[in-house]
$ cat query.pdb   # PDB, C-alpha atoms, pLDDT in the B column
ATOM      1  CA  MET A   5     -64.291  13.946 207.200  1.00 82.00           C
ATOM      2  CA  ARG A   6     -60.695  14.917 207.843  1.00 84.00           C
ATOM      3  CA  HIS A   7     -59.464  12.201 205.462  1.00 83.00           C
ATOM      4  CA  ILE A   8     -61.594  13.498 202.604  1.00 90.00           C
ATOM      5  CA  ARG A   9     -60.698  17.103 203.408  1.00 91.00           C
ATOM      6  CA  ALA A  10     -57.005  16.149 203.366  1.00 88.00           C
ATOM      7  CA  GLU A  11     -57.512  14.520 199.955  1.00 88.00           C
ATOM      8  CA  HIS A  12     -59.263  17.677 198.731  1.00 94.00           C
ATOM      9  CA  ARG A  13     -56.259  19.744 199.841  1.00 93.00           C
ATOM     10  CA  ARG A  14     -53.781  17.371 198.151  1.00 90.00           C
ATOM     11  CA  LEU A  15     -55.758  17.479 194.941  1.00 93.00           C
ATOM     12  CA  ASP A  16     -55.989  21.275 195.026  1.00 95.00           C
ATOM     13  CA  GLU A  17     -52.212  21.512 195.521  1.00 94.00           C
ATOM     14  CA  HIS A  18     -51.707  19.440 192.368  1.00 94.00           C
ATOM     15  CA  LEU A  19     -54.169  21.617 190.452  1.00 96.00           C
ATOM     16  CA  ARG A  20     -52.251  24.726 191.533  1.00 95.00           C
ATOM     17  CA  ASP A  21     -48.986  23.044 190.533  1.00 94.00           C
ATOM     18  CA  TYR A  22     -50.392  22.437 187.068  1.00 94.00           C
ATOM     19  CA  ALA A  23     -51.271  26.121 186.734  1.00 93.00           C
ATOM     20  CA  VAL A  24     -47.660  26.932 187.622  1.00 93.00           C
ATOM     21  CA  LEU A  25     -46.413  24.549 184.912  1.00 91.00           C
ATOM     22  CA  VAL A  26     -48.610  26.311 182.376  1.00 91.00           C
ATOM     23  CA  GLY A  27     -47.315  29.689 183.532  1.00 87.00           C
ATOM     24  CA  VAL A  28     -43.681  28.705 183.015  1.00 90.00           C
ATOM     25  CA  LYS A  29     -44.434  26.864 179.766  1.00 86.00           C
ATOM     26  CA  ALA A  30     -43.174  23.564 181.139  1.00 86.00           C
ATOM     27  CA  ALA A  31     -42.417  20.626 178.883  1.00 86.00           C
ATOM     28  CA  THR A  32     -45.141  18.247 177.756  1.00 83.00           C
ATOM     29  CA  THR A  33     -43.549  15.455 179.787  1.00 85.00           C
ATOM     30  CA  ASP A  34     -43.837  17.549 182.954  1.00 88.00           C
ATOM     31  CA  ARG A  35     -47.506  18.180 182.193  1.00 87.00           C
ATOM     32  CA  GLN A  36     -48.062  14.464 181.504  1.00 85.00           C
ATOM     33  CA  GLY A  37     -46.532  13.479 184.827  1.00 87.00           C
ATOM     34  CA  LEU A  38     -48.640  15.901 186.797  1.00 90.00           C
ATOM     35  CA  ILE A  39     -51.818  14.976 184.904  1.00 90.00           C
ATOM     36  CA  ALA A  40     -51.145  11.325 185.743  1.00 86.00           C
ATOM     37  CA  CYS A  41     -50.669  12.266 189.403  1.00 88.00           C
ATOM     38  CA  ILE A  42     -53.883  14.319 189.400  1.00 91.00           C
ATOM     39  CA  GLY A  43     -55.681  11.398 187.768  1.00 89.00           C
ATOM     40  CA  VAL A  44     -54.531   9.038 190.508  1.00 87.00           C
ATOM     41  CA  TYR A  45     -55.562  11.407 193.307  1.00 87.00           C
ATOM     42  CA  LEU A  46     -58.894  12.193 191.681  1.00 91.00           C
ATOM     43  CA  GLN A  47     -59.788   8.584 190.920  1.00 89.00           C
ATOM     44  CA  THR A  48     -58.738   7.484 194.408  1.00 89.00           C
ATOM     45  CA  LEU A  49     -60.817  10.214 195.995  1.00 92.00           C
ATOM     46  CA  MET A  50     -63.882   9.508 193.867  1.00 93.00           C
ATOM     47  CA  THR A  51     -63.632   5.798 194.626  1.00 91.00           C
ATOM     48  CA  LEU A  52     -63.381   6.421 198.379  1.00 91.00           C
ATOM     49  CA  LYS A  53     -66.438   8.644 198.333  1.00 93.00           C
ATOM     50  CA  GLU A  54     -68.500   6.353 196.099  1.00 92.00           C
ATOM     51  CA  GLU A  55     -67.723   3.296 198.226  1.00 91.00           C
ATOM     52  CA  LEU A  56     -67.500   4.607 201.767  1.00 92.00           C
ATOM     53  CA  LEU A  57     -69.012   8.069 202.149  1.00 93.00           C
ATOM     54  CA  TYR A  58     -72.017   8.424 199.863  1.00 95.00           C
ATOM     55  CA  PRO A  59     -73.890   5.237 200.857  1.00 94.00           C
ATOM     56  CA  PRO A  60     -74.264   6.046 204.589  1.00 93.00           C
ATOM     57  CA  VAL A  61     -74.829   9.771 203.981  1.00 94.00           C
ATOM     58  CA  GLU A  62     -77.443   9.470 201.221  1.00 95.00           C
ATOM     59  CA  PRO A  63     -80.388   8.824 203.591  1.00 95.00           C
ATOM     60  CA  LEU A  64     -79.409  11.968 205.516  1.00 94.00           C
ATOM     61  CA  VAL A  65     -78.883  14.385 202.598  1.00 95.00           C
ATOM     62  CA  GLY A  66     -81.229  12.906 200.013  1.00 96.00           C
ATOM     63  CA  ALA A  67     -80.809  11.082 196.759  1.00 97.00           C
ATOM     64  CA  ALA A  68     -80.836  14.265 194.651  1.00 97.00           C
ATOM     65  CA  LEU A  69     -77.632  15.662 196.171  1.00 97.00           C
ATOM     66  CA  ILE A  70     -75.826  12.327 195.926  1.00 97.00           C
ATOM     67  CA  ALA A  71     -77.003  11.931 192.308  1.00 96.00           C
ATOM     68  CA  SER A  72     -75.627  15.394 191.528  1.00 96.00           C
ATOM     69  CA  LEU A  73     -72.278  14.539 193.129  1.00 97.00           C
ATOM     70  CA  ARG A  74     -72.109  11.239 191.229  1.00 96.00           C
ATOM     71  CA  SER A  75     -72.908  13.106 188.020  1.00 95.00           C
ATOM     72  CA  ASP A  76     -69.939  15.365 188.769  1.00 96.00           C
ATOM     73  CA  HIS A  77     -67.779  12.251 189.149  1.00 94.00           C
ATOM     74  CA  HIS A  78     -68.834  11.091 185.689  1.00 94.00           C
ATOM     75  CA  ARG A  79     -67.993  14.528 184.256  1.00 95.00           C
ATOM     76  CA  MET A  80     -64.582  14.364 185.930  1.00 95.00           C
ATOM     77  CA  GLU A  81     -63.942  10.872 184.553  1.00 91.00           C
ATOM     78  CA  ARG A  82     -64.836  12.081 181.061  1.00 91.00           C
ATOM     79  CA  GLY A  83     -62.510  15.040 181.607  1.00 91.00           C
ATOM     80  CA  LEU A  84     -59.684  12.715 182.586  1.00 89.00           C
ATOM     81  CA  GLN A  85     -60.300  10.603 179.487  1.00 85.00           C
ATOM     82  CA  ALA A  86     -60.276  13.710 177.275  1.00 83.00           C
ATOM     83  CA  LEU A  87     -57.015  14.779 178.886  1.00 84.00           C
ATOM     84  CA  ALA A  88     -55.485  11.398 178.202  1.00 77.00           C
ATOM     85  CA  ALA A  89     -56.373  11.767 174.540  1.00 74.00           C
ATOM     86  CA  GLY A  90     -55.009  15.339 174.416  1.00 68.00           C
ATOM     87  CA  VAL A  91     -51.788  14.483 176.201  1.00 61.00           C
ATOM     88  CA  CYS A  92     -51.164  11.540 173.901  1.00 62.00           C
ATOM     89  CA  VAL A  93     -51.265  13.878 170.919  1.00 69.00           C
ATOM     90  CA  GLY A  94     -48.880  16.285 172.643  1.00 69.00           C
ATOM     91  CA  ASP A  95     -51.090  19.327 172.072  1.00 79.00           C
ATOM     92  CA  ASP A  96     -50.201  21.465 175.094  1.00 83.00           C
ATOM     93  CA  VAL A  97     -52.701  24.225 174.318  1.00 85.00           C
ATOM     94  CA  ALA A  98     -55.645  21.824 174.050  1.00 84.00           C
ATOM     95  CA  THR A  99     -54.432  19.914 177.090  1.00 86.00           C
ATOM     96  CA  ASP A 100     -54.168  23.109 179.142  1.00 89.00           C
ATOM     97  CA  LEU A 101     -57.677  24.153 178.103  1.00 89.00           C
ATOM     98  CA  GLN A 102     -59.092  20.731 179.033  1.00 90.00           C
ATOM     99  CA  MET A 103     -57.212  20.857 182.334  1.00 93.00           C
ATOM    100  CA  ALA A 104     -58.635  24.312 183.095  1.00 94.00           C
ATOM    101  CA  GLN A 105     -62.158  23.022 182.434  1.00 94.00           C
ATOM    102  CA  LEU A 106     -61.578  19.945 184.600  1.00 95.00           C
ATOM    103  CA  THR A 107     -60.136  22.129 187.363  1.00 96.00           C
ATOM    104  CA  ASP A 108     -63.316  24.246 187.364  1.00 97.00           C
ATOM    105  CA  VAL A 109     -65.491  21.123 187.643  1.00 96.00           C
ATOM    106  CA  ILE A 110     -63.338  19.695 190.453  1.00 97.00           C
ATOM    107  CA  ARG A 111     -63.329  22.908 192.467  1.00 97.00           C
ATOM    108  CA  ALA A 112     -67.092  23.404 192.105  1.00 97.00           C
ATOM    109  CA  HIS A 113     -67.634  19.792 193.194  1.00 97.00           C
ATOM    110  CA  ILE A 114     -65.398  20.200 196.238  1.00 97.00           C
ATOM    111  CA  ALA A 115     -67.207  23.405 197.214  1.00 96.00           C
ATOM    112  CA  LEU A 116     -70.587  21.680 196.918  1.00 96.00           C
ATOM    113  CA  GLU A 117     -69.439  18.785 199.077  1.00 96.00           C
ATOM    114  CA  GLU A 118     -67.895  20.978 201.725  1.00 94.00           C
ATOM    115  CA  GLU A 119     -70.901  23.316 201.893  1.00 95.00           C
ATOM    116  CA  ARG A 120     -73.792  20.869 201.545  1.00 94.00           C
ATOM    117  CA  LEU A 121     -72.575  17.337 202.210  1.00 95.00           C
ATOM    118  CA  PHE A 122     -69.924  17.552 204.900  1.00 94.00           C
ATOM    119  CA  PRO A 123     -71.975  19.299 207.605  1.00 93.00           C
ATOM    120  CA  THR A 124     -74.460  16.413 207.505  1.00 91.00           C
ATOM    121  CA  ALA A 125     -71.793  13.777 206.882  1.00 90.00           C
ATOM    122  CA  GLU A 126     -70.221  14.642 210.233  1.00 89.00           C
ATOM    123  CA  ALA A 127     -73.069  12.606 211.757  1.00 86.00           C
ATOM    124  CA  VAL A 128     -71.719   9.382 210.212  1.00 87.00           C
ATOM    125  CA  ASP A 129     -68.056  10.253 210.625  1.00 84.00           C
ATOM    126  CA  SER A 130     -66.089   8.122 213.041  1.00 86.00           C
ATOM    127  CA  ASP A 131     -62.581   6.934 213.737  1.00 87.00           C
ATOM    128  CA  GLU A 132     -63.595   3.602 212.203  1.00 89.00           C
ATOM    129  CA  LEU A 133     -64.733   5.271 208.969  1.00 89.00           C
ATOM    130  CA  GLY A 134     -61.501   7.255 208.862  1.00 87.00           C
ATOM    131  CA  GLU A 135     -59.433   4.118 209.327  1.00 91.00           C
ATOM    132  CA  THR A 136     -61.429   2.290 206.675  1.00 91.00           C
ATOM    133  CA  MET A 137     -60.879   5.169 204.245  1.00 91.00           C
ATOM    134  CA  ALA A 138     -57.165   5.272 204.967  1.00 90.00           C
ATOM    135  CA  LEU A 139     -56.844   1.515 204.442  1.00 92.00           C
ATOM    136  CA  ARG A 140     -58.871   1.582 201.221  1.00 91.00           C
ATOM    137  CA  ARG A 141     -56.811   4.516 199.926  1.00 89.00           C
ATOM    138  CA  ALA A 142     -53.611   2.571 200.592  1.00 90.00           C
ATOM    139  CA  GLU A 143     -55.110  -0.491 198.885  1.00 89.00           C
ATOM    140  CA  LEU A 144     -56.022   1.536 195.793  1.00 89.00           C
ATOM    141  CA  LEU A 145     -52.604   3.184 195.570  1.00 86.00           C
ATOM    142  CA  LEU A 146     -50.845  -0.167 196.024  1.00 86.00           C
ATOM    143  CA  ALA A 147     -52.929  -1.636 193.220  1.00 84.00           C
ATOM    144  CA  ILE A 148     -51.827   1.220 190.969  1.00 80.00           C
ATOM    145  CA  ARG A 149     -48.172   0.685 191.872  1.00 76.00           C
ATOM    146  CA  ARG A 150     -48.546  -2.997 191.046  1.00 77.00           C
ATOM    147  CA  GLY A 151     -49.793  -2.041 187.619  1.00 69.00           C
ATOM    148  CA  LEU A 152     -53.414  -3.133 187.802  1.00 56.00           C
ATOM    149  CA  THR A 153     -54.716  -1.150 184.868  1.00 49.00           C
ATOM    150  CA  LEU A 154     -57.380  -1.584 182.231  1.00 35.00           C
ATOM    151  CA  ASP A 155     -57.348   1.977 180.943  1.00 41.00           C
ATOM    152  CA  PRO A 156     -55.343   5.203 181.392  1.00 39.00           C
ATOM    153  CA  PHE A 157     -56.947   5.752 184.803  1.00 41.00           C
ATOM    154  CA  PRO A 158     -56.364   2.507 186.667  1.00 40.00           C
ATOM    155  CA  LEU A 159     -58.878   2.728 189.475  1.00 41.00           C
ATOM    156  CA  ASN A 160     -61.680   1.946 187.045  1.00 42.00           C
ATOM    157  CA  ALA A 161     -60.237  -1.562 187.019  1.00 42.00           C
ATOM    158  CA  ILE A 162     -60.338  -2.094 190.761  1.00 41.00           C
ATOM    159  CA  ARG A 163     -63.523  -0.432 191.934  1.00 43.00           C
ATOM    160  CA  ARG A 164     -65.607  -2.335 194.396  1.00 43.00           C
ATOM    161  CA  PRO A 165     -69.348  -2.554 193.841  1.00 40.00           C
ATOM    162  CA  HIS A 166     -71.578  -0.304 195.987  1.00 40.00           C
TER     163      HIS A 166
END

$ encode --input "query.pdb" --output "C-alpha cells"
Amino acid sequence: MRHIRAEHRRLDEHLRDYAVLVGVKAATTDRQGLIACIGVYLQTLMTLKEELLYPPVEPLVGAALIASLRSDHHRMERGLQALAAGVCVGDDVATDLQMAQLTDVIRAHIALEEERLFPTAEAVDSDELGETMALRRAELLLAIRRGLTLDPFPLNAIRRPH
C-alpha cells in the first residue's frame, strides 16, 4: 500500500499548493497548470486503484465499500470535468469554489480508504503488486506525455478494462 499512500501524499501536496495559489491571488494560468497537474495525479491514482487494487480487495472488504469508493471516483471525475469548463471560461472565483468542493471529496475519499480499505488491503499487498503499480503508473504518465488524449483528462482514453 506504500505506492498508493505515496500517491495520496503527492495529491494532497498539490491540493495544498492550490490553496496557496488562491491565497496569493495567483494568475489564472498558474491555477490552470496546477489543476492540470492535479487532474493527472488524480486520474492516474484512480486508474491504478480501479485496475489493480479494488479487484483483489473486493472479496475481503465487500462489494458495498468498493461500490462507494467507485462512486467517489465518478464524483471526482465529474468535478474534474466541471473544473475544466470553469477554467476554460477563466472565472477564477467559480474555479476556486469547484476546486474547494473537489478537494473535500478527495480528502474524504482518501480518509475512507486509509481507515476502512487499507487495513484489509494489506493482506493482498506484495512487492509484486507494488512493482505492477509502479510500472502501470509510469505507463499511464508516458501515455499522457505522448499526447494520448480524448478529453481534457487523458487517462479516460487509456484505461484498461477490469

$ closest_residue --input "query.pdb" --among "A:Arg111, A:Arg79, A:Thr32, A:Gly134" --to "Arg13 of chain A" --atoms "only C-alpha atoms"
A:Arg111

$ axis_aligned_box --input "query.pdb" --around "segment 136-143 of chain A" --padding-each-side "6 Å" --output "JSON"
{"center_x": -57.5, "center_y": 2.4, "center_z": 202.8, "size_x": 19.8, "size_y": 17.8, "size_z": 19.8}

$ closest_residue --input "query.pdb" --among "A:Val97, A:Val109, A:Leu139, A:Ile39" --to "Gly27 of chain A" --atoms "all atoms listed in the file"
A:Val97

$ residues_around --input "query.pdb" --residues "segment 49-58 of chain A" --least-positions-apart "5" --cutoff "10 Å" --atoms "all atoms listed in the file" --output "PyMOL selection string"
chain A and resi 5+7-8+11-12+15+43-44+63-65+67+69-71+73-74+76-78+80-81+121-122+125+128-129+133-134+136-138+140-141+144+159-160+162-166

$ atom_distance --input "query.pdb" --atom1 "atom CA of Thr48 of chain A" --atom2 "atom CA of Arg150 of chain A"
15.0 Å

$ atom_distance --input "query.pdb" --atom1 "atom CA of Glu135 of chain A" --atom2 "atom CA of Thr107 of chain A"
28.4 Å

$ residues_around --input "query.pdb" --residues "Asp108 of chain A" --least-positions-apart "2" --cutoff "12 Å" --atoms "only C-alpha atoms" --output "VMD selection string"
chain A and resid 16 19 to 20 76 79 to 80 83 101 to 106 110 to 115

$ closest_residue --input "query.pdb" --among "A:Asp95, A:Ala89, A:Ile148, A:Asp131" --to "Ala31 of chain A" --atoms "all atoms listed in the file"
A:Asp95

$ closest_residue --input "query.pdb" --among "A:Asp100, A:Pro59, A:Ser130, A:Arg82" --to "Leu38 of chain A" --atoms "only C-alpha atoms"
A:Asp100

$ atom_distance --input "query.pdb" --atom1 "atom CA of Thr99 of chain A" --atom2 "atom CA of Leu87 of chain A"
6.0 Å

$ closest_residue --input "query.pdb" --among "A:Ile42, A:Arg120, A:Asp96, A:Ala127" --to "Ala30 of chain A" --atoms "all atoms listed in the file"
A:Asp96

$ closest_residue --input "query.pdb" --among "A:Cys41, A:Leu146, A:Leu46, A:Ala10" --to "Tyr22 of chain A" --atoms "only C-alpha atoms"
A:Cys41

$ decode --input "query.pdb" --residues "segment 13-127 of chain A" --atoms "C-alpha atoms" --output "compact mmCIF listing (two decimals), in the first residue's frame"
# COMPACT_ATOMS: atom_id res chain seq x y z
CA ARG A 13 0.61 12.32 -0.25
CA ARG A 14 1.59 13.71 -3.68
CA LEU A 15 -2.00 14.55 -4.45
CA ASP A 16 -2.50 16.23 -1.07
CA GLU A 17 0.63 18.34 -1.64
CA HIS A 18 -0.85 19.58 -4.92
CA LEU A 19 -4.17 20.35 -3.22
CA ARG A 20 -2.34 22.38 -0.57
CA ASP A 21 -0.38 24.16 -3.31
CA TYR A 22 -3.64 25.15 -4.96
CA ALA A 23 -4.89 26.64 -1.69
CA VAL A 24 -1.69 28.69 -1.55
CA LEU A 25 -2.29 29.96 -5.10
CA VAL A 26 -5.78 31.06 -4.10
CA GLY A 27 -4.39 32.80 -1.02
CA VAL A 28 -1.91 34.85 -3.04
CA LYS A 29 -4.42 35.50 -5.83
CA ALA A 30 -2.24 33.79 -8.42
CA ALA A 31 -2.86 34.20 -12.13
CA THR A 32 -5.39 32.07 -13.96
CA THR A 33 -2.59 30.40 -15.91
CA ASP A 34 -0.94 29.29 -12.66
CA ARG A 35 -4.25 27.84 -11.49
CA GLN A 36 -4.74 26.09 -14.85
CA GLY A 37 -1.32 24.48 -14.67
CA LEU A 38 -1.85 23.17 -11.18
CA ILE A 39 -5.38 21.95 -11.96
CA ALA A 40 -3.96 20.04 -14.93
CA CYS A 41 -1.30 18.52 -12.67
CA ILE A 42 -3.91 17.57 -10.06
CA GLY A 43 -6.03 16.05 -12.81
CA VAL A 44 -3.14 13.89 -13.97
CA TYR A 45 -2.32 12.69 -10.45
CA LEU A 46 -5.95 12.06 -9.60
CA GLN A 47 -6.76 10.20 -12.82
CA THR A 48 -3.58 8.14 -12.54
CA LEU A 49 -4.37 7.23 -8.96
CA MET A 50 -7.99 6.33 -9.68
CA THR A 51 -6.93 4.19 -12.63
CA LEU A 52 -4.34 2.32 -10.54
CA LYS A 53 -6.89 1.58 -7.84
CA GLU A 54 -9.66 0.58 -10.24
CA GLU A 55 -7.38 -1.78 -12.17
CA LEU A 56 -5.02 -3.19 -9.57
CA LEU A 57 -6.25 -2.64 -6.02
CA TYR A 58 -10.04 -2.88 -5.91
CA PRO A 59 -10.47 -6.21 -7.75
CA PRO A 60 -8.38 -8.36 -5.35
CA VAL A 61 -9.58 -6.49 -2.24
CA GLU A 62 -13.31 -6.51 -3.01
CA PRO A 63 -13.90 -10.10 -1.78
CA LEU A 64 -12.22 -9.15 1.51
CA VAL A 65 -13.98 -5.82 2.20
CA GLY A 66 -17.29 -6.38 0.43
CA ALA A 67 -18.92 -5.00 -2.66
CA ALA A 68 -20.64 -2.14 -0.81
CA LEU A 69 -17.39 -0.44 0.21
CA ILE A 70 -15.86 -0.83 -3.24
CA ALA A 71 -19.07 0.50 -4.84
CA SER A 72 -18.90 3.53 -2.54
CA LEU A 73 -15.26 4.16 -3.46
CA ARG A 74 -16.05 3.81 -7.18
CA SER A 75 -18.94 6.23 -6.74
CA ASP A 76 -16.45 8.69 -5.24
CA HIS A 77 -14.27 8.24 -8.33
CA HIS A 78 -17.21 9.17 -10.54
CA ARG A 79 -17.87 12.27 -8.41
CA MET A 80 -14.20 13.23 -8.72
CA GLU A 81 -14.27 12.75 -12.50
CA ARG A 82 -17.35 14.97 -12.72
CA GLY A 83 -15.55 17.51 -10.54
CA LEU A 84 -12.56 17.48 -12.86
CA GLN A 85 -14.84 17.98 -15.86
CA ALA A 86 -16.58 20.90 -14.14
CA LEU A 87 -13.19 22.42 -13.37
CA ALA A 88 -12.16 22.11 -16.98
CA ALA A 89 -15.26 24.02 -18.01
CA GLY A 90 -14.68 26.69 -15.33
CA VAL A 91 -11.01 27.12 -16.14
CA CYS A 92 -11.76 27.48 -19.84
CA VAL A 93 -14.02 30.42 -19.08
CA GLY A 94 -11.35 31.99 -16.88
CA ASP A 95 -13.68 32.50 -13.92
CA ASP A 96 -11.25 32.22 -11.00
CA VAL A 97 -13.91 32.54 -8.30
CA ALA A 98 -16.05 29.73 -9.72
CA THR A 99 -12.95 27.64 -10.38
CA ASP A 100 -11.73 28.10 -6.80
CA LEU A 101 -15.15 27.12 -5.43
CA GLN A 102 -15.25 24.00 -7.62
CA MET A 103 -11.69 23.16 -6.58
CA ALA A 104 -12.61 23.52 -2.90
CA GLN A 105 -15.55 21.15 -3.38
CA LEU A 106 -13.38 18.64 -5.25
CA THR A 107 -10.71 18.88 -2.55
CA ASP A 108 -13.31 17.98 0.10
CA VAL A 109 -14.44 14.95 -1.91
CA ILE A 110 -10.84 13.81 -2.49
CA ARG A 111 -9.84 14.15 1.15
CA ALA A 112 -12.94 12.33 2.40
CA HIS A 113 -12.27 9.54 -0.11
CA ILE A 114 -8.64 9.21 0.97
CA ALA A 115 -9.68 9.09 4.63
CA LEU A 116 -12.23 6.36 3.90
CA GLU A 117 -9.66 4.29 2.03
CA GLU A 118 -6.99 4.67 4.66
CA GLU A 119 -9.37 3.89 7.54
CA ARG A 120 -11.52 1.13 6.03
CA LEU A 121 -9.81 -0.28 2.94
CA PHE A 122 -6.09 -0.23 3.60
CA PRO A 123 -6.03 -2.29 6.80
CA THR A 124 -7.66 -5.17 4.92
CA ALA A 125 -5.81 -4.46 1.67
CA GLU A 126 -2.52 -5.15 3.45
CA ALA A 127 -3.45 -8.84 3.09
